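Asks: See work.tsv below, with TSV, C-alpha atoms.
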```tsv
chain	number	residue	atom	x	y	z
Z	1	MET	CA	-77.27	6.75	43.72
Z	2	LEU	CA	-73.72	7.76	44.56
Z	3	LYS	CA	-74.65	8.14	48.25
Z	4	GLU	CA	-75.44	4.41	48.55
Z	5	LEU	CA	-71.86	3.47	47.74
Z	6	ASP	CA	-69.60	2.86	50.71
Z	7	GLU	CA	-67.37	5.89	50.96
Z	8	LEU	CA	-64.65	3.85	52.59
Z	9	LEU	CA	-64.44	1.61	49.53
Z	10	LEU	CA	-64.31	4.45	47.03
Z	11	ASN	CA	-60.53	4.44	47.45
Z	12	ARG	CA	-58.70	2.10	45.04
Z	13	ILE	CA	-56.21	0.78	47.59
Z	14	ARG	CA	-58.90	0.06	50.18
Z	15	LEU	CA	-61.10	-1.55	47.54
Z	16	GLY	CA	-58.13	-3.63	46.37
Z	17	VAL	CA	-57.38	-4.75	49.94
Z	18	MET	CA	-60.97	-5.82	50.48
Z	19	SER	CA	-61.04	-7.64	47.13
Z	20	ILE	CA	-57.91	-9.57	48.05
Z	21	LEU	CA	-59.00	-10.43	51.58
Z	22	VAL	CA	-62.42	-11.61	50.48
Z	23	SER	CA	-60.69	-14.28	48.36
Z	24	VAL	CA	-57.96	-15.47	50.72
Z	25	LYS	CA	-58.29	-16.53	54.32
Z	26	GLU	CA	-55.49	-14.24	55.44
Z	27	ALA	CA	-52.60	-12.42	53.84
Z	28	GLU	CA	-49.39	-10.73	54.88
Z	29	PHE	CA	-48.88	-7.00	54.52
Z	30	SER	CA	-45.96	-7.49	52.11
Z	31	TRP	CA	-48.00	-9.76	49.85
Z	32	ILE	CA	-50.91	-7.32	49.70
Z	33	GLN	CA	-48.47	-4.51	48.90
Z	34	LYS	CA	-46.96	-6.57	46.08
Z	35	GLU	CA	-50.38	-7.44	44.65
Z	36	LEU	CA	-51.61	-3.83	44.73
Z	37	GLN	CA	-48.25	-2.31	43.78
Z	38	CYS	CA	-48.50	0.52	46.29
Z	39	THR	CA	-46.12	2.02	48.82
Z	40	SER	CA	-45.98	0.58	52.32
Z	41	GLY	CA	-46.83	3.97	53.84
Z	42	ASN	CA	-49.98	4.38	51.78
Z	43	LEU	CA	-51.05	0.79	52.42
Z	44	SER	CA	-50.52	1.18	56.18
Z	45	ILE	CA	-52.81	4.21	56.28
Z	46	GLN	CA	-55.54	2.50	54.26
Z	47	LEU	CA	-55.36	-0.69	56.36
Z	48	GLN	CA	-55.72	1.38	59.50
Z	49	LYS	CA	-58.88	3.02	58.16
Z	50	LEU	CA	-60.35	-0.36	57.27
Z	51	GLN	CA	-59.46	-1.69	60.70
Z	52	GLU	CA	-61.04	1.32	62.43
Z	53	ALA	CA	-64.23	0.68	60.46
Z	54	GLY	CA	-64.20	-2.95	61.61
Z	55	TYR	CA	-63.83	-4.29	58.06
Z	56	ILE	CA	-60.54	-6.08	58.66
Z	57	GLU	CA	-58.52	-7.49	61.53
Z	58	ILE	CA	-54.79	-6.95	61.74
Z	59	GLU	CA	-52.56	-9.28	63.72
Z	60	LYS	CA	-48.95	-8.40	64.39
Z	61	LYS	CA	-46.57	-11.19	65.29
Z	62	PHE	CA	-43.06	-12.44	64.69
Z	63	ARG	CA	-41.72	-15.18	62.45
Z	64	ASP	CA	-38.05	-16.07	62.84
Z	65	LYS	CA	-37.53	-12.80	64.74
Z	66	TYR	CA	-38.96	-10.74	61.85
Z	67	PRO	CA	-42.14	-8.71	62.36
Z	68	LEU	CA	-45.16	-10.01	60.51
Z	69	THR	CA	-48.46	-8.24	59.85
Z	70	LEU	CA	-51.37	-10.51	58.98
Z	71	CYS	CA	-54.65	-9.15	57.62
Z	72	LYS	CA	-57.99	-10.89	57.61
Z	73	ILE	CA	-61.44	-9.66	56.57
Z	74	THR	CA	-64.24	-9.61	59.16
Z	75	LYS	CA	-67.88	-10.60	58.70
Z	76	LYS	CA	-68.77	-6.92	58.75
Z	77	GLY	CA	-66.16	-6.36	56.03
Z	78	ILE	CA	-67.55	-9.14	53.86
Z	79	GLN	CA	-71.07	-7.74	54.16
Z	80	ALA	CA	-69.85	-4.22	53.39
Z	81	PHE	CA	-67.90	-5.42	50.36
Z	82	GLN	CA	-70.86	-7.43	49.06
Z	83	LYS	CA	-73.21	-4.47	49.51
Z	84	HIS	CA	-70.75	-2.12	47.80
Z	85	PHE	CA	-70.36	-4.52	44.87
Z	86	GLU	CA	-74.14	-4.88	44.50
Z	87	ASN	CA	-74.57	-1.09	44.62
Z	88	LEU	CA	-71.86	-0.66	41.98
Z	89	LYS	CA	-73.80	-3.01	39.72
Z	90	LYS	CA	-77.04	-1.07	40.35
Z	91	TYR	CA	-75.17	2.16	39.58
Z	92	GLN	CA	-73.89	0.58	36.37
Z	93	GLU	CA	-77.47	-0.37	35.37
Z	94	PHE	CA	-78.69	3.12	36.28
Z	95	ASN	CA	-75.99	4.72	34.08
Z	96	LYS	CA	-76.90	2.47	31.15
Z	97	LYS	CA	-80.55	3.53	31.33
Z	98	LYS	CA	-79.67	7.29	31.38
X	1	MET	CA	-58.17	13.79	46.62
X	2	GLU	CA	-58.30	10.61	48.67
X	3	THR	CA	-61.81	9.46	47.90
X	4	ASN	CA	-62.83	9.44	44.27
X	5	THR	CA	-66.39	10.71	43.83
X	6	ASN	CA	-66.12	10.60	40.05
X	7	ILE	CA	-67.16	6.97	39.93
X	8	HIS	CA	-67.07	4.81	36.84
X	9	PRO	CA	-68.82	1.67	38.11
X	10	GLU	CA	-67.64	-0.41	35.14
X	11	GLU	CA	-64.02	0.36	35.97
X	12	GLU	CA	-64.54	-0.35	39.67
X	13	ILE	CA	-66.24	-3.67	38.91
X	14	LYS	CA	-63.50	-4.58	36.43
X	15	PHE	CA	-60.83	-3.73	39.01
X	16	ILE	CA	-62.53	-5.88	41.66
X	17	GLN	CA	-62.81	-8.76	39.18
X	18	GLN	CA	-59.14	-8.55	38.22
X	19	VAL	CA	-57.98	-8.58	41.85
X	20	LEU	CA	-60.38	-11.42	42.73
X	21	ASP	CA	-59.23	-13.53	39.76
X	22	ARG	CA	-55.57	-13.11	40.70
X	23	ALA	CA	-56.09	-13.88	44.37
X	24	ARG	CA	-58.80	-16.53	44.19
X	25	ASN	CA	-56.86	-19.31	42.49
X	26	LYS	CA	-53.76	-19.05	44.61
X	27	TYR	CA	-52.85	-22.04	46.73
X	28	SER	CA	-49.71	-23.55	48.18
X	29	ASP	CA	-47.81	-26.15	46.18
X	30	ILE	CA	-48.30	-29.47	47.98
X	31	SER	CA	-46.96	-31.60	45.15
X	32	ILE	CA	-43.83	-32.24	47.23
X	33	LEU	CA	-45.96	-34.23	49.69
X	34	PHE	CA	-47.39	-36.48	46.98
X	35	ILE	CA	-43.99	-37.02	45.38
X	36	PHE	CA	-42.04	-37.57	48.62
X	37	TRP	CA	-44.54	-39.98	50.17
X	38	GLY	CA	-45.19	-41.62	46.81
X	39	TRP	CA	-41.53	-42.59	46.45
X	40	ILE	CA	-41.19	-43.62	50.12
X	41	LEU	CA	-44.21	-45.89	49.83
X	42	VAL	CA	-43.17	-47.39	46.48
X	43	PHE	CA	-39.68	-48.06	47.88
X	44	TYR	CA	-41.06	-49.55	51.12
X	45	LEU	CA	-43.66	-51.75	49.40
X	46	LEU	CA	-41.28	-53.08	46.75
X	47	LEU	CA	-38.64	-53.92	49.36
X	48	ASN	CA	-41.29	-55.59	51.51
X	49	GLY	CA	-42.35	-57.78	48.63
X	50	ILE	CA	-38.78	-58.61	47.62
X	51	PHE	CA	-37.70	-59.49	51.18
X	52	LEU	CA	-40.74	-61.72	51.62
X	53	ILE	CA	-40.08	-63.58	48.37
X	54	THR	CA	-36.36	-63.98	49.15
X	55	ASN	CA	-37.21	-65.03	52.69
X	56	MET	CA	-35.25	-62.20	54.32
X	57	LYS	CA	-37.91	-61.68	56.96
X	58	GLU	CA	-35.51	-60.41	59.65
X	59	ILE	CA	-34.99	-57.16	57.74
X	60	LEU	CA	-38.78	-56.61	57.62
X	61	HIS	CA	-38.76	-55.99	61.37
X	62	TYR	CA	-36.80	-52.77	60.73
X	63	LEU	CA	-38.09	-51.71	57.31
X	64	TRP	CA	-41.19	-50.02	58.76
X	65	LEU	CA	-38.87	-47.43	60.38
X	66	ILE	CA	-38.80	-45.66	57.01
X	67	MET	CA	-42.31	-44.38	57.81
X	68	PRO	CA	-41.64	-42.44	61.03
X	69	VAL	CA	-38.45	-41.04	59.46
X	70	GLY	CA	-40.59	-39.81	56.58
X	71	GLY	CA	-42.98	-38.32	59.12
X	72	ILE	CA	-40.13	-36.37	60.75
X	73	ILE	CA	-38.88	-35.03	57.41
X	74	THR	CA	-42.36	-33.97	56.17
X	75	PRO	CA	-42.69	-30.70	58.20
X	76	PHE	CA	-39.34	-29.52	56.78
X	77	LEU	CA	-40.59	-30.15	53.26
X	78	LEU	CA	-43.66	-28.05	54.04
X	79	LYS	CA	-41.69	-25.14	55.48
X	80	LYS	CA	-42.23	-23.04	52.36
X	81	GLN	CA	-45.98	-23.65	52.48
X	82	ILE	CA	-46.15	-22.85	56.21
X	83	THR	CA	-44.27	-19.57	55.71
X	84	GLU	CA	-46.23	-18.59	52.59
X	85	LYS	CA	-47.39	-14.96	52.67
X	86	PHE	CA	-51.06	-15.80	52.25
X	87	HIS	CA	-53.38	-18.64	53.19
X	88	SER	CA	-56.15	-19.22	50.74
X	89	TYR	CA	-59.43	-20.99	51.34
X	90	LEU	CA	-58.15	-23.77	49.07
X	91	ASP	CA	-55.23	-24.25	51.48
X	92	HIS	CA	-57.71	-24.33	54.35
X	93	TYR	CA	-59.85	-27.05	52.74
X	94	LEU	CA	-56.78	-29.08	51.74
X	95	LYS	CA	-55.52	-28.94	55.32
X	96	GLY	CA	-58.88	-30.31	56.51
X	97	ILE	CA	-58.74	-33.14	53.97
X	98	TRP	CA	-55.22	-34.21	54.93
X	99	TYR	CA	-55.79	-33.94	58.67
X	100	GLY	CA	-58.82	-36.19	58.14
X	101	PHE	CA	-56.60	-38.52	56.14
X	102	LEU	CA	-54.09	-38.76	59.01
X	103	VAL	CA	-56.83	-39.73	61.46
X	104	SER	CA	-58.26	-42.40	59.16
X	105	LEU	CA	-54.74	-43.62	58.37
X	106	LEU	CA	-54.10	-44.11	62.07
X	107	ALA	CA	-57.29	-46.16	62.35
X	108	SER	CA	-56.22	-48.28	59.36
X	109	ILE	CA	-52.80	-48.92	60.89
X	110	LEU	CA	-54.37	-50.01	64.19
X	111	ILE	CA	-56.66	-52.41	62.30
X	112	LEU	CA	-53.64	-53.71	60.36
X	113	ILE	CA	-51.61	-54.35	63.52
X	114	PHE	CA	-54.29	-55.63	65.91
X	115	HIS	CA	-57.08	-57.04	63.82
X	116	ASP	CA	-56.72	-57.96	60.15
X	117	TYR	CA	-53.51	-57.33	58.19
X	118	ASN	CA	-55.19	-57.79	54.82
X	119	LEU	CA	-58.07	-55.45	55.62
X	120	GLY	CA	-55.71	-52.85	57.14
X	121	MET	CA	-53.57	-52.75	53.98
X	122	SER	CA	-56.60	-52.26	51.75
X	123	MET	CA	-57.96	-49.58	54.06
X	124	ILE	CA	-54.66	-47.66	53.86
X	125	LEU	CA	-54.93	-47.69	50.09
X	126	PHE	CA	-58.57	-46.61	50.29
X	127	ASN	CA	-57.66	-43.70	52.59
X	128	MET	CA	-54.91	-42.56	50.21
X	129	SER	CA	-57.49	-42.68	47.41
X	130	TRP	CA	-60.25	-40.63	49.04
X	131	ALA	CA	-57.83	-37.92	50.19
X	132	THR	CA	-56.32	-37.63	46.71
X	133	PHE	CA	-59.76	-37.67	45.11
X	134	ALA	CA	-61.06	-34.92	47.42
X	135	SER	CA	-57.90	-32.84	46.83
X	136	GLY	CA	-58.45	-33.22	43.09
X	137	PHE	CA	-61.89	-31.66	43.47
X	138	VAL	CA	-60.61	-28.76	45.56
X	139	LEU	CA	-57.72	-28.06	43.17
X	140	GLU	CA	-59.72	-28.92	40.03
X	141	LEU	CA	-56.94	-31.23	38.89
X	142	PRO	CA	-58.26	-34.10	36.71
X	143	SER	CA	-55.21	-36.35	37.22
X	144	MET	CA	-55.79	-36.22	40.97
X	145	LYS	CA	-59.49	-37.03	40.60
X	146	TRP	CA	-58.64	-39.90	38.27
X	147	GLY	CA	-55.80	-41.09	40.50
X	148	GLY	CA	-58.01	-41.08	43.56
X	149	GLY	CA	-60.97	-42.59	41.72
X	150	THR	CA	-58.85	-45.41	40.27
X	151	GLY	CA	-57.41	-45.89	43.74
X	152	PHE	CA	-60.86	-46.79	45.07
X	153	VAL	CA	-61.02	-49.69	42.61
X	154	LEU	CA	-57.42	-50.72	43.26
X	155	SER	CA	-57.99	-50.75	47.03
X	156	ILE	CA	-60.92	-53.17	46.62
X	157	LEU	CA	-58.85	-55.37	44.28
X	158	SER	CA	-55.92	-55.34	46.71
X	159	PHE	CA	-58.07	-57.21	49.21
X	160	ILE	CA	-58.13	-60.32	47.03
X	161	ILE	CA	-54.49	-60.29	45.98
X	162	PRO	CA	-52.34	-62.61	48.11
X	163	THR	CA	-49.18	-61.63	49.94
X	164	PRO	CA	-46.40	-61.04	48.81
X	165	TRP	CA	-47.85	-59.95	45.44
X	166	LYS	CA	-50.08	-57.53	47.31
X	167	PHE	CA	-47.01	-55.36	48.03
X	168	PHE	CA	-46.12	-55.07	44.35
X	169	PHE	CA	-49.75	-54.31	43.55
X	170	MET	CA	-49.83	-51.60	46.21
X	171	ALA	CA	-46.57	-50.11	44.89
X	172	PHE	CA	-48.21	-49.83	41.48
X	173	SER	CA	-51.33	-48.33	43.10
X	174	THR	CA	-49.17	-45.72	44.87
X	175	ILE	CA	-47.76	-44.63	41.51
X	176	VAL	CA	-51.33	-44.13	40.24
X	177	ILE	CA	-52.68	-42.45	43.40
X	178	TYR	CA	-49.69	-40.31	44.44
X	179	LEU	CA	-46.85	-40.06	41.97
X	180	ILE	CA	-48.66	-39.32	38.72
X	181	PRO	CA	-50.98	-36.70	40.28
X	182	GLY	CA	-48.04	-35.29	42.29
X	183	TYR	CA	-45.86	-34.69	39.25
X	184	ASN	CA	-48.86	-33.34	37.37
X	185	LEU	CA	-49.56	-30.84	40.15
X	186	LYS	CA	-45.91	-29.82	40.22
X	187	THR	CA	-45.96	-29.18	36.45
X	188	ARG	CA	-49.14	-27.13	36.75
X	189	PHE	CA	-47.59	-25.02	39.48
X	190	GLN	CA	-44.39	-24.47	37.48
X	191	ASN	CA	-46.42	-23.43	34.41
X	192	LYS	CA	-48.45	-21.02	36.54
X	193	GLU	CA	-45.30	-19.40	37.92
X	194	LYS	CA	-43.88	-19.04	34.39
X	195	GLU	CA	-47.06	-17.25	33.27
X	196	GLN	CA	-46.75	-14.79	36.13
```
How does this structure look as structure tokens?
Replies:
Amino acid sequence: MLKELDELLLNRIRLGVMSILVSVKEAEFSWIQKELQCTSGNLSIQLQKLQEAGYIEIEKKFRDKYPLTLCKITKKGIQAFQKHFENLKKYQEFNKKK
Amino acid sequence: METNTNIHPEEEIKFIQQVLDRARNKYSDISILFIFWGWILVFYLLLNGIFLITNMKEILHYLWLIMPVGGIITPFLLKKQITEKFHSYLDHYLKGIWYGFLVSLLASILILIFHDYNLGMSMILFNMSWATFASGFVLELPSMKWGGGTGFVLSILSFIIPTPWKFFFMAFSTIVIYLIPGYNLKTRFQNKEKEQ
């Protein structure tokens, strides 16, 4: 049962990022960090892993000469998140029956 | 250990739900638009009516300039919303509604200028109503749904009201369609920020 869960989303920060991005169209790095209350270093690493897996897109630009990192979930990311959530629910049902 | 294999699905599901609930209902505060344009329109319409009654028609040639000035100021009022650190789906839908409003408003103004003044005025009121009504549905704000819904009726009634009384009627309608929902939205936003 455990094997069906997405390993990438078994990390709280990554799961939190995906949960946020599935509800908003796009979000800035600093806002995600504030919502998840994690360090910027840790968040950067987790975002990179999600990007490498194709779950999110990261756009770097400037606003008023300040760097800006915008994150957006991809279709692949939405599907992966949905599948992970459904599998968590199945796992929950399985545990209840045990 | 980076990846937790000791999974408690209930906790994971609860965590997802908490994050989703916090993020899902976020949207930018657009009450400033309703309040700003509400007051501009009320001011413009009342002055129009007064100048017509007092026969000061020369001033009316210049009064309409309030509108483009309001248009220039509007992007500055929205600067906070444009630079917000997230863009929710609610923001996305609201943008669509108000861009649609601008297009239909332009059509109404062209009808007002080139075809039928009476019809154009009523159409402007109707456009204000549908955009407010649709925004009320997106934001789940009853005062906006009621304001927009009442506006539909007022826009039909405005067609039969003669000038210059039409301007006073439209000023009243603007209070119902824009100002009351705008202040209500502002209060809701302030209460939400206090809770957080």
Asks: Write out as an NGL selection string every residue belonging to chain Z that has an atom at most 7 Å from any atom of chain X, counting only C-alpha atoms.
Replies: :Z and (10-11 or 16 or 19-20 or 23-28 or 31 or 88 or 91-92)
Asks: In Å, rounded to a single decimal, give me how far atom CA of Lys14 of chain X is from atom CA of Ile45 of chain Z.
Replies: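 Pair atom CA of Ile45 of chain Z / atom CA of Lys14 of chain X returns 24.2 Å.
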Asks: Nearest to Asp29 of chain X: which of X:Ser173, X:Gln190, X:Thr54, X:Ser158 is it, counting all atoms listed in the file?
Replies: X:Gln190
Asks: As a PyMOL selection string, please: the residues near Tyr55 of chain Z (cut-off 12 Å, only C-alpha atoms, same-chain neighbours under 6 positions excluded).
Replies: chain Z and resi 6+8-9+14-15+17-19+21-22+46-49+71-82
Asks: Mind pulling up the distance from atom CA of Val176 of chain X to atom CA of Gly149 of chain X?
Replies: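 Atom-to-atom, atom CA of Gly149 of chain X to atom CA of Val176 of chain X, that is 9.9 Å.
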Asks: Counting all atoms listed in the file, what is within 6 Å of segment 122-128 of chain X, bar same-chain residues fewer than 3 positions away, as JSON, numbers by chain?
Replies: {"X": [108, 119, 131, 152, 155, 158, 159]}
Asks: Just how far from atom CA of Phe85 of chain Z is atom CA of Leu5 of chain Z, in Å to one decimal?
Replies: 8.6 Å
Asks: As a list of chain:residue names, please: the residues near Phe29 of chain Z (cut-off 9 Å, all atoms listed in the file, same-chain neighbours under 4 positions excluded).
Replies: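 Here the answer would be Z:Gln33, Z:Lys34, Z:Ser40, Z:Leu43, Z:Ser44, Z:Leu68, Z:Thr69, Z:Leu70, Z:Cys71, X:Lys85.
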Asks: Taking all atoms listed in the file into account, which of X:Ile40, X:Leu94, X:Ala107, X:Leu65 comes nearest Gly136 of chain X?
Replies: X:Leu94
Asks: List as a PyMOL selection string the protein and nucleic acid residues near Lys166 of chain X, meaning an atom at most 12 Å away when only C-alpha atoms are counted, but skip any in the same chain fewer than 2 places from it.
Replies: chain X and resi 45-46+48-50+52-53+117-119+121-122+125+154-164+168-173
Asks: From the set Z:Gln37, Z:Arg12, Z:Glu4, Z:Asp64, which residue has the shortest atom-to-atom contact distance to Lys90 of chain Z, counting all atoms listed in the file?
Replies: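 Nearest to Lys90 of chain Z: Z:Glu4.
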